[in-house]
Amino acid sequence: MLAMSLATQVRRLLEAAPADSLPITYQQLAEALGLTPPGTIQRVAQALETLMHEDARQGRPMIAALVVSRRTSLPASGFFELAVELGCFPADPAQHAKAYREEYRRVVSDRESPHKLPNEIQHKANHEI
């Protein structure tokens with residue numbers, strides 16, 4: 001049997017995390033995944049980047065927004081750089097904190113939605129309204 005990818009493990013952990021435990025730090029996520037040094041945070045960051053690509057491609061809120069630095073209570077700079085590259089955030093860094101707060105709200109709202117439609121249907125419905 002094939003092992004679940006780290007990105008899939010991260011998505012499942014973030015989807016199942018209790019709302020009152022969010023956001024979670026990179027270190028907490030690494031520990032919850034049972035990762036050990038060296039390179040734990042780098043592996044977490046790579047998995048989160050994979051999820052960002054998947055979510056952007058599917059038109060979903062970026063679940064990676066649930067993971068932050070314990071020093072800043074914001075995601076690391078790589079999150080913002082990739083969000084801009086994917087066309088999800090404005091290029092102006094002065095707008096990043098606001099864009100992040102909105103993305104975080106979208107992810108939390110999406111997680112709490114009891115009647116989620118398949119992504120393709122929801123994406124189409126959003127554009128037909």
# chains A, B, ... in the order shown; residues from 1 in each chain; ligands from 1

call {"tool": "select_by_dssp", "arguments": {"residues": "chain A", "states": "helix (DSSP H, G or I)", "output": "PyMOL selection string"}}
result
chain A and resi 6-16+19-21+26-32+40-58+63-66+77-85+93-112+119-128

call {"tool": "residues_around", "arguments": {"residues": "segment 103-106 of chain A", "least_positions_apart": "6", "cutoff": "9 Å", "atoms": "only C-alpha atoms", "output": "list of chain:residue names"}}
result
A:Pro23, A:Arg60, A:Pro61, A:Met62, A:Ile63, A:Ala64, A:Ala65, A:Leu66

call {"tool": "write_last_selection", "arguments": {"atoms": "C-alpha atoms", "output": "PDB file, in the first residue's frame"}}
result
ATOM      1  CA  PRO A  23      -4.223  28.884  13.584  1.00  0.00           C
ATOM      2  CA  ARG A  60     -10.763  26.735  -3.050  1.00  0.00           C
ATOM      3  CA  PRO A  61      -9.619  28.884  -0.134  1.00  0.00           C
ATOM      4  CA  MET A  62      -5.967  28.098   0.628  1.00  0.00           C
ATOM      5  CA  ILE A  63      -5.949  25.807   3.646  1.00  0.00           C
ATOM      6  CA  ALA A  64      -2.281  26.736   4.142  1.00  0.00           C
ATOM      7  CA  ALA A  65      -3.570  30.016   5.632  1.00  0.00           C
ATOM      8  CA  LEU A  66      -4.256  28.061   8.828  1.00  0.00           C
TER       9      LEU A  66
END

call {"tool": "closest_atom_pairs", "arguments": {"of": "segment 23-83 of chain A", "to": "segment 8-19 of chain A", "cutoff": "8 Å", "atoms": "only C-alpha atoms", "output": "CSV"}}
result
residue,atom,partner,partner_atom,distance
A:Leu29,CA,A:Val10,CA,7.8
A:Leu33,CA,A:Val10,CA,7.6
A:Ala47,CA,A:Val10,CA,7.1
A:Leu48,CA,A:Val10,CA,7.5
A:Leu51,CA,A:Arg11,CA,7.3
A:Ile63,CA,A:Arg11,CA,7.3
A:Leu66,CA,A:Leu14,CA,7.4

call {"tool": "write_last_selection", "arguments": {"atoms": "all heavy atoms", "output": "PDB file, in the first residue's frame"}}
result
ATOM      1  N   LEU A  29       2.534  21.943  13.646  1.00  0.00           N
ATOM      2  CA  LEU A  29       2.153  21.072  12.535  1.00  0.00           C
ATOM      3  C   LEU A  29       3.201  19.983  12.339  1.00  0.00           C
ATOM      4  O   LEU A  29       2.858  18.806  12.188  1.00  0.00           O
ATOM      5  CB  LEU A  29       1.956  21.887  11.262  1.00  0.00           C
ATOM      6  CG  LEU A  29       1.513  21.118  10.016  1.00  0.00           C
ATOM      7  CD1 LEU A  29       0.235  20.316  10.264  1.00  0.00           C
ATOM      8  CD2 LEU A  29       1.318  22.086   8.851  1.00  0.00           C
ATOM      9  N   LEU A  33       2.574  15.923  12.845  1.00  0.00           N
ATOM     10  CA  LEU A  33       2.858  14.986  11.763  1.00  0.00           C
ATOM     11  C   LEU A  33       3.917  13.959  12.156  1.00  0.00           C
ATOM     12  O   LEU A  33       4.184  13.023  11.406  1.00  0.00           O
ATOM     13  CB  LEU A  33       3.318  15.745  10.516  1.00  0.00           C
ATOM     14  CG  LEU A  33       2.260  16.620   9.857  1.00  0.00           C
ATOM     15  CD1 LEU A  33       2.899  17.596   8.874  1.00  0.00           C
ATOM     16  CD2 LEU A  33       1.204  15.752   9.156  1.00  0.00           C
ATOM     17  N   ALA A  47       5.050  20.961   1.723  1.00  0.00           N
ATOM     18  CA  ALA A  47       3.717  20.362   1.676  1.00  0.00           C
ATOM     19  C   ALA A  47       2.648  21.458   1.573  1.00  0.00           C
ATOM     20  O   ALA A  47       1.685  21.329   0.805  1.00  0.00           O
ATOM     21  CB  ALA A  47       3.487  19.498   2.909  1.00  0.00           C
ATOM     22  N   LEU A  48       2.827  22.527   2.333  1.00  0.00           N
ATOM     23  CA  LEU A  48       1.868  23.636   2.284  1.00  0.00           C
ATOM     24  C   LEU A  48       1.854  24.291   0.908  1.00  0.00           C
ATOM     25  O   LEU A  48       0.790  24.670   0.399  1.00  0.00           O
ATOM     26  CB  LEU A  48       2.183  24.663   3.373  1.00  0.00           C
ATOM     27  CG  LEU A  48       1.921  24.183   4.803  1.00  0.00           C
ATOM     28  CD1 LEU A  48       2.527  25.161   5.809  1.00  0.00           C
ATOM     29  CD2 LEU A  48       0.437  23.978   5.054  1.00  0.00           C
ATOM     30  N   LEU A  51      -0.219  22.226  -1.337  1.00  0.00           N
ATOM     31  CA  LEU A  51      -1.642  22.465  -1.070  1.00  0.00           C
ATOM     32  C   LEU A  51      -2.107  23.789  -1.649  1.00  0.00           C
ATOM     33  O   LEU A  51      -3.240  23.888  -2.157  1.00  0.00           O
ATOM     34  CB  LEU A  51      -1.913  22.421   0.433  1.00  0.00           C
ATOM     35  CG  LEU A  51      -1.661  21.080   1.117  1.00  0.00           C
ATOM     36  CD1 LEU A  51      -1.947  21.183   2.603  1.00  0.00           C
ATOM     37  CD2 LEU A  51      -2.481  19.974   0.473  1.00  0.00           C
ATOM     38  N   ILE A  63      -5.985  26.355   2.299  1.00  0.00           N
ATOM     39  CA  ILE A  63      -5.949  25.807   3.646  1.00  0.00           C
ATOM     40  C   ILE A  63      -4.625  26.104   4.338  1.00  0.00           C
ATOM     41  O   ILE A  63      -4.544  26.131   5.566  1.00  0.00           O
ATOM     42  CB  ILE A  63      -6.276  24.294   3.640  1.00  0.00           C
ATOM     43  CG1 ILE A  63      -6.704  23.853   5.038  1.00  0.00           C
ATOM     44  CG2 ILE A  63      -5.112  23.478   3.063  1.00  0.00           C
ATOM     45  CD1 ILE A  63      -7.414  22.519   5.067  1.00  0.00           C
ATOM     46  N   LEU A  66      -4.050  28.450   7.430  1.00  0.00           N
ATOM     47  CA  LEU A  66      -4.256  28.061   8.828  1.00  0.00           C
ATOM     48  C   LEU A  66      -2.944  27.860   9.580  1.00  0.00           C
ATOM     49  O   LEU A  66      -2.961  27.592  10.773  1.00  0.00           O
ATOM     50  CB  LEU A  66      -5.090  26.773   8.903  1.00  0.00           C
ATOM     51  CG  LEU A  66      -6.492  26.847   8.306  1.00  0.00           C
ATOM     52  CD1 LEU A  66      -7.171  25.486   8.394  1.00  0.00           C
ATOM     53  CD2 LEU A  66      -7.319  27.925   8.993  1.00  0.00           C
TER      54      LEU A  66
END

call {"tool": "closest_residue", "arguments": {"among": "A:Glu31, A:Phe79, A:Ile41, A:Gly87", "to": "Arg57 of chain A", "atoms": "only C-alpha atoms"}}
result
A:Gly87

call {"tool": "residues_around", "arguments": {"residues": "Gln28 of chain A", "least_positions_apart": "4", "cutoff": "10 Å", "atoms": "only C-alpha atoms", "output": "ChimeraX atom specification"}}
result
/A:23-24,32-34,41,67-70

call {"tool": "write_last_selection", "arguments": {"atoms": "all heavy atoms", "output": "short mmCIF file (atom, residue, chain, number, x, y, z; two decimals), in the first residue's frame"}}
result
data_model
loop_
_atom_site.label_atom_id
_atom_site.label_comp_id
_atom_site.auth_asym_id
_atom_site.auth_seq_id
_atom_site.Cartn_x
_atom_site.Cartn_y
_atom_site.Cartn_z
N PRO A 23 -5.18 29.51 14.49
CA PRO A 23 -4.22 28.88 13.58
C PRO A 23 -3.21 28.04 14.34
O PRO A 23 -3.06 28.16 15.55
CB PRO A 23 -3.55 30.08 12.91
CG PRO A 23 -3.65 31.18 13.91
CD PRO A 23 -4.94 30.94 14.65
N ILE A 24 -2.51 27.20 13.61
CA ILE A 24 -1.49 26.32 14.15
C ILE A 24 -0.13 26.81 13.65
O ILE A 24 -0.05 27.37 12.55
CB ILE A 24 -1.78 24.86 13.72
CG1 ILE A 24 -0.83 23.87 14.38
CG2 ILE A 24 -1.76 24.71 12.22
CD1 ILE A 24 -1.22 22.42 14.15
N ALA A 32 2.75 17.48 15.09
CA ALA A 32 1.53 16.69 14.90
C ALA A 32 1.71 15.63 13.81
O ALA A 32 1.10 14.57 13.87
CB ALA A 32 0.36 17.60 14.56
N LEU A 33 2.57 15.92 12.84
CA LEU A 33 2.86 14.99 11.76
C LEU A 33 3.92 13.96 12.16
O LEU A 33 4.18 13.02 11.41
CB LEU A 33 3.32 15.75 10.52
CG LEU A 33 2.26 16.62 9.86
CD1 LEU A 33 2.90 17.60 8.87
CD2 LEU A 33 1.20 15.75 9.16
N GLY A 34 4.54 14.17 13.32
CA GLY A 34 5.59 13.25 13.77
C GLY A 34 6.91 13.42 13.04
O GLY A 34 7.72 12.49 13.01
N ILE A 41 10.67 21.91 9.26
CA ILE A 41 9.89 23.07 8.82
C ILE A 41 9.94 23.19 7.29
O ILE A 41 8.93 23.53 6.66
CB ILE A 41 10.38 24.37 9.50
CG1 ILE A 41 10.30 24.24 11.03
CG2 ILE A 41 9.59 25.57 9.02
CD1 ILE A 41 8.93 23.88 11.58
N VAL A 67 -1.81 27.99 8.89
CA VAL A 67 -0.50 27.73 9.50
C VAL A 67 0.30 29.03 9.54
O VAL A 67 0.43 29.71 8.52
CB VAL A 67 0.26 26.64 8.73
CG1 VAL A 67 1.56 26.28 9.45
CG2 VAL A 67 -0.61 25.39 8.55
N VAL A 68 0.81 29.36 10.73
CA VAL A 68 1.49 30.64 10.94
C VAL A 68 2.81 30.46 11.68
O VAL A 68 3.06 29.43 12.30
CB VAL A 68 0.60 31.63 11.74
CG1 VAL A 68 -0.68 31.94 10.98
CG2 VAL A 68 0.29 31.09 13.12
N SER A 69 3.59 31.51 11.65
CA SER A 69 4.82 31.59 12.43
C SER A 69 4.47 31.97 13.86
O SER A 69 3.63 32.85 14.07
CB SER A 69 5.76 32.64 11.84
OG SER A 69 6.79 32.95 12.75
N ARG A 70 5.10 31.36 14.83
CA ARG A 70 4.79 31.73 16.22
C ARG A 70 5.30 33.12 16.55
O ARG A 70 4.79 33.78 17.44
CB ARG A 70 5.34 30.69 17.20
CG ARG A 70 6.83 30.72 17.37
CD ARG A 70 7.29 29.76 18.47
NE ARG A 70 8.71 29.81 18.60
CZ ARG A 70 9.55 28.96 18.04
NH1 ARG A 70 9.08 27.98 17.30
NH2 ARG A 70 10.84 29.09 18.19
#

call {"tool": "closest_residue", "arguments": {"among": "A:Ala76, A:Glu102, A:Thr36, A:Ala56", "to": "Cys88 of chain A", "atoms": "only C-alpha atoms"}}
result
A:Ala56

call {"tool": "select_by_dssp", "arguments": {"residues": "chain A", "states": "strand (DSSP E or B)", "output": "list in words"}}
result
Ile24, Thr25, Val67 and Val68 of chain A

call {"tool": "write_last_selection", "arguments": {"atoms": "N, CA and C atoms", "output": "PDB file, in the first residue's frame"}}
result
ATOM      1  N   ILE A  24      -2.514  27.203  13.611  1.00  0.00           N
ATOM      2  CA  ILE A  24      -1.494  26.321  14.149  1.00  0.00           C
ATOM      3  C   ILE A  24      -0.132  26.813  13.652  1.00  0.00           C
ATOM      4  N   THR A  25       0.899  26.651  14.448  1.00  0.00           N
ATOM      5  CA  THR A  25       2.230  27.095  13.998  1.00  0.00           C
ATOM      6  C   THR A  25       2.887  26.007  13.146  1.00  0.00           C
ATOM      7  N   VAL A  67      -1.810  27.990   8.887  1.00  0.00           N
ATOM      8  CA  VAL A  67      -0.503  27.734   9.501  1.00  0.00           C
ATOM      9  C   VAL A  67       0.296  29.031   9.539  1.00  0.00           C
ATOM     10  N   VAL A  68       0.812  29.362  10.730  1.00  0.00           N
ATOM     11  CA  VAL A  68       1.493  30.642  10.936  1.00  0.00           C
ATOM     12  C   VAL A  68       2.813  30.458  11.684  1.00  0.00           C
TER      13      VAL A  68
END

call {"tool": "closest_residue", "arguments": {"among": "A:Ser21, A:Gln27, A:Gln46, A:Ser5", "to": "Arg71 of chain A", "atoms": "only C-alpha atoms"}}
result
A:Gln27

call {"tool": "decode", "arguments": {"residues": "segment 84-99 of chain A", "atoms": "all heavy atoms", "output": "PDB file, in the first residue's frame"}}
result
ATOM      1  N   VAL A  84       0.820  35.473  -4.242  1.00  0.00           N
ATOM      2  CA  VAL A  84       0.890  36.486  -5.305  1.00  0.00           C
ATOM      3  C   VAL A  84       1.119  35.805  -6.647  1.00  0.00           C
ATOM      4  O   VAL A  84       0.432  36.079  -7.635  1.00  0.00           O
ATOM      5  CB  VAL A  84       1.987  37.534  -5.011  1.00  0.00           C
ATOM      6  CG1 VAL A  84       2.239  38.425  -6.222  1.00  0.00           C
ATOM      7  CG2 VAL A  84       1.619  38.368  -3.790  1.00  0.00           C
ATOM      8  N   GLU A  85       2.090  34.892  -6.678  1.00  0.00           N
ATOM      9  CA  GLU A  85       2.422  34.183  -7.922  1.00  0.00           C
ATOM     10  C   GLU A  85       1.214  33.429  -8.475  1.00  0.00           C
ATOM     11  O   GLU A  85       1.006  33.376  -9.690  1.00  0.00           O
ATOM     12  CB  GLU A  85       3.563  33.204  -7.640  1.00  0.00           C
ATOM     13  CG  GLU A  85       4.041  32.418  -8.839  1.00  0.00           C
ATOM     14  CD  GLU A  85       5.136  31.433  -8.459  1.00  0.00           C
ATOM     15  OE1 GLU A  85       6.044  31.810  -7.695  1.00  0.00           O
ATOM     16  OE2 GLU A  85       5.068  30.279  -8.923  1.00  0.00           O
ATOM     17  N   LEU A  86       0.409  32.859  -7.596  1.00  0.00           N
ATOM     18  CA  LEU A  86      -0.776  32.100  -8.015  1.00  0.00           C
ATOM     19  C   LEU A  86      -1.953  33.000  -8.378  1.00  0.00           C
ATOM     20  O   LEU A  86      -2.994  32.514  -8.810  1.00  0.00           O
ATOM     21  CB  LEU A  86      -1.198  31.133  -6.900  1.00  0.00           C
ATOM     22  CG  LEU A  86      -0.219  30.003  -6.598  1.00  0.00           C
ATOM     23  CD1 LEU A  86      -0.630  29.267  -5.335  1.00  0.00           C
ATOM     24  CD2 LEU A  86      -0.119  29.052  -7.788  1.00  0.00           C
ATOM     25  N   GLY A  87      -1.800  34.319  -8.173  1.00  0.00           N
ATOM     26  CA  GLY A  87      -2.864  35.262  -8.492  1.00  0.00           C
ATOM     27  C   GLY A  87      -3.941  35.343  -7.423  1.00  0.00           C
ATOM     28  O   GLY A  87      -5.021  35.873  -7.673  1.00  0.00           O
ATOM     29  N   CYS A  88      -3.641  34.842  -6.226  1.00  0.00           N
ATOM     30  CA  CYS A  88      -4.620  34.837  -5.139  1.00  0.00           C
ATOM     31  C   CYS A  88      -4.529  36.074  -4.253  1.00  0.00           C
ATOM     32  O   CYS A  88      -5.497  36.408  -3.571  1.00  0.00           O
ATOM     33  CB  CYS A  88      -4.428  33.585  -4.279  1.00  0.00           C
ATOM     34  SG  CYS A  88      -4.679  32.054  -5.198  1.00  0.00           S
ATOM     35  N   PHE A  89      -3.368  36.719  -4.218  1.00  0.00           N
ATOM     36  CA  PHE A  89      -3.146  37.909  -3.395  1.00  0.00           C
ATOM     37  C   PHE A  89      -2.632  39.033  -4.273  1.00  0.00           C
ATOM     38  O   PHE A  89      -1.986  38.791  -5.300  1.00  0.00           O
ATOM     39  CB  PHE A  89      -2.094  37.625  -2.315  1.00  0.00           C
ATOM     40  CG  PHE A  89      -2.593  36.958  -1.066  1.00  0.00           C
ATOM     41  CD1 PHE A  89      -3.765  36.227  -1.040  1.00  0.00           C
ATOM     42  CD2 PHE A  89      -1.867  37.044   0.102  1.00  0.00           C
ATOM     43  CE1 PHE A  89      -4.218  35.604   0.108  1.00  0.00           C
ATOM     44  CE2 PHE A  89      -2.296  36.430   1.269  1.00  0.00           C
ATOM     45  CZ  PHE A  89      -3.486  35.711   1.274  1.00  0.00           C
ATOM     46  N   PRO A  90      -2.886  40.276  -3.873  1.00  0.00           N
ATOM     47  CA  PRO A  90      -2.348  41.423  -4.620  1.00  0.00           C
ATOM     48  C   PRO A  90      -0.827  41.461  -4.500  1.00  0.00           C
ATOM     49  O   PRO A  90      -0.261  40.985  -3.513  1.00  0.00           O
ATOM     50  CB  PRO A  90      -2.992  42.629  -3.938  1.00  0.00           C
ATOM     51  CG  PRO A  90      -3.390  42.158  -2.580  1.00  0.00           C
ATOM     52  CD  PRO A  90      -3.658  40.697  -2.693  1.00  0.00           C
ATOM     53  N   ALA A  91      -0.184  42.034  -5.494  1.00  0.00           N
ATOM     54  CA  ALA A  91       1.277  42.117  -5.493  1.00  0.00           C
ATOM     55  C   ALA A  91       1.799  43.090  -4.436  1.00  0.00           C
ATOM     56  O   ALA A  91       2.923  42.939  -3.951  1.00  0.00           O
ATOM     57  CB  ALA A  91       1.783  42.520  -6.880  1.00  0.00           C
ATOM     58  N   ASP A  92       1.010  44.083  -4.058  1.00  0.00           N
ATOM     59  CA  ASP A  92       1.434  45.108  -3.103  1.00  0.00           C
ATOM     60  C   ASP A  92       1.553  44.516  -1.697  1.00  0.00           C
ATOM     61  O   ASP A  92       0.542  44.144  -1.088  1.00  0.00           O
ATOM     62  CB  ASP A  92       0.419  46.255  -3.108  1.00  0.00           C
ATOM     63  CG  ASP A  92       0.763  47.372  -2.131  1.00  0.00           C
ATOM     64  OD1 ASP A  92       1.843  47.317  -1.498  1.00  0.00           O
ATOM     65  OD2 ASP A  92      -0.054  48.302  -2.002  1.00  0.00           O
ATOM     66  N   PRO A  93       2.775  44.431  -1.144  1.00  0.00           N
ATOM     67  CA  PRO A  93       2.962  43.864   0.190  1.00  0.00           C
ATOM     68  C   PRO A  93       2.162  44.575   1.282  1.00  0.00           C
ATOM     69  O   PRO A  93       1.810  43.962   2.292  1.00  0.00           O
ATOM     70  CB  PRO A  93       4.465  44.010   0.443  1.00  0.00           C
ATOM     71  CG  PRO A  93       5.082  44.100  -0.910  1.00  0.00           C
ATOM     72  CD  PRO A  93       4.054  44.796  -1.765  1.00  0.00           C
ATOM     73  N   ALA A  94       1.837  45.843   1.083  1.00  0.00           N
ATOM     74  CA  ALA A  94       1.059  46.582   2.073  1.00  0.00           C
ATOM     75  C   ALA A  94      -0.357  46.012   2.215  1.00  0.00           C
ATOM     76  O   ALA A  94      -1.023  46.249   3.219  1.00  0.00           O
ATOM     77  CB  ALA A  94       0.999  48.062   1.703  1.00  0.00           C
ATOM     78  N   GLN A  95      -0.797  45.254   1.223  1.00  0.00           N
ATOM     79  CA  GLN A  95      -2.138  44.675   1.254  1.00  0.00           C
ATOM     80  C   GLN A  95      -2.148  43.211   1.709  1.00  0.00           C
ATOM     81  O   GLN A  95      -3.210  42.601   1.840  1.00  0.00           O
ATOM     82  CB  GLN A  95      -2.770  44.778  -0.138  1.00  0.00           C
ATOM     83  CG  GLN A  95      -2.981  46.209  -0.596  1.00  0.00           C
ATOM     84  CD  GLN A  95      -3.596  46.259  -1.970  1.00  0.00           C
ATOM     85  OE1 GLN A  95      -4.452  45.447  -2.307  1.00  0.00           O
ATOM     86  NE2 GLN A  95      -3.161  47.211  -2.777  1.00  0.00           N
ATOM     87  N   HIS A  96      -0.965  42.650   1.971  1.00  0.00           N
ATOM     88  CA  HIS A  96      -0.878  41.224   2.284  1.00  0.00           C
ATOM     89  C   HIS A  96      -1.562  40.841   3.594  1.00  0.00           C
ATOM     90  O   HIS A  96      -2.241  39.815   3.653  1.00  0.00           O
ATOM     91  CB  HIS A  96       0.576  40.754   2.283  1.00  0.00           C
ATOM     92  CG  HIS A  96       1.150  40.664   0.912  1.00  0.00           C
ATOM     93  ND1 HIS A  96       2.455  40.313   0.682  1.00  0.00           N
ATOM     94  CD2 HIS A  96       0.609  40.881  -0.310  1.00  0.00           C
ATOM     95  CE1 HIS A  96       2.696  40.313  -0.614  1.00  0.00           C
ATOM     96  NE2 HIS A  96       1.579  40.665  -1.235  1.00  0.00           N
ATOM     97  N   ALA A  97      -1.387  41.611   4.655  1.00  0.00           N
ATOM     98  CA  ALA A  97      -1.997  41.259   5.937  1.00  0.00           C
ATOM     99  C   ALA A  97      -3.526  41.229   5.810  1.00  0.00           C
ATOM    100  O   ALA A  97      -4.178  40.301   6.306  1.00  0.00           O
ATOM    101  CB  ALA A  97      -1.560  42.226   7.035  1.00  0.00           C
ATOM    102  N   LYS A  98      -4.090  42.213   5.125  1.00  0.00           N
ATOM    103  CA  LYS A  98      -5.538  42.245   4.924  1.00  0.00           C
ATOM    104  C   LYS A  98      -5.994  41.061   4.074  1.00  0.00           C
ATOM    105  O   LYS A  98      -6.995  40.408   4.392  1.00  0.00           O
ATOM    106  CB  LYS A  98      -5.946  43.565   4.255  1.00  0.00           C
ATOM    107  CG  LYS A  98      -7.431  43.681   4.012  1.00  0.00           C
ATOM    108  CD  LYS A  98      -7.796  44.991   3.341  1.00  0.00           C
ATOM    109  CE  LYS A  98      -9.288  45.045   3.060  1.00  0.00           C
ATOM    110  NZ  LYS A  98      -9.649  46.216   2.286  1.00  0.00           N
ATOM    111  N   ALA A  99      -5.257  40.776   2.997  1.00  0.00           N
ATOM    112  CA  ALA A  99      -5.599  39.641   2.137  1.00  0.00           C
ATOM    113  C   ALA A  99      -5.506  38.331   2.916  1.00  0.00           C
ATOM    114  O   ALA A  99      -6.351  37.443   2.755  1.00  0.00           O
ATOM    115  CB  ALA A  99      -4.678  39.611   0.914  1.00  0.00           C
TER     116      ALA A  99
END
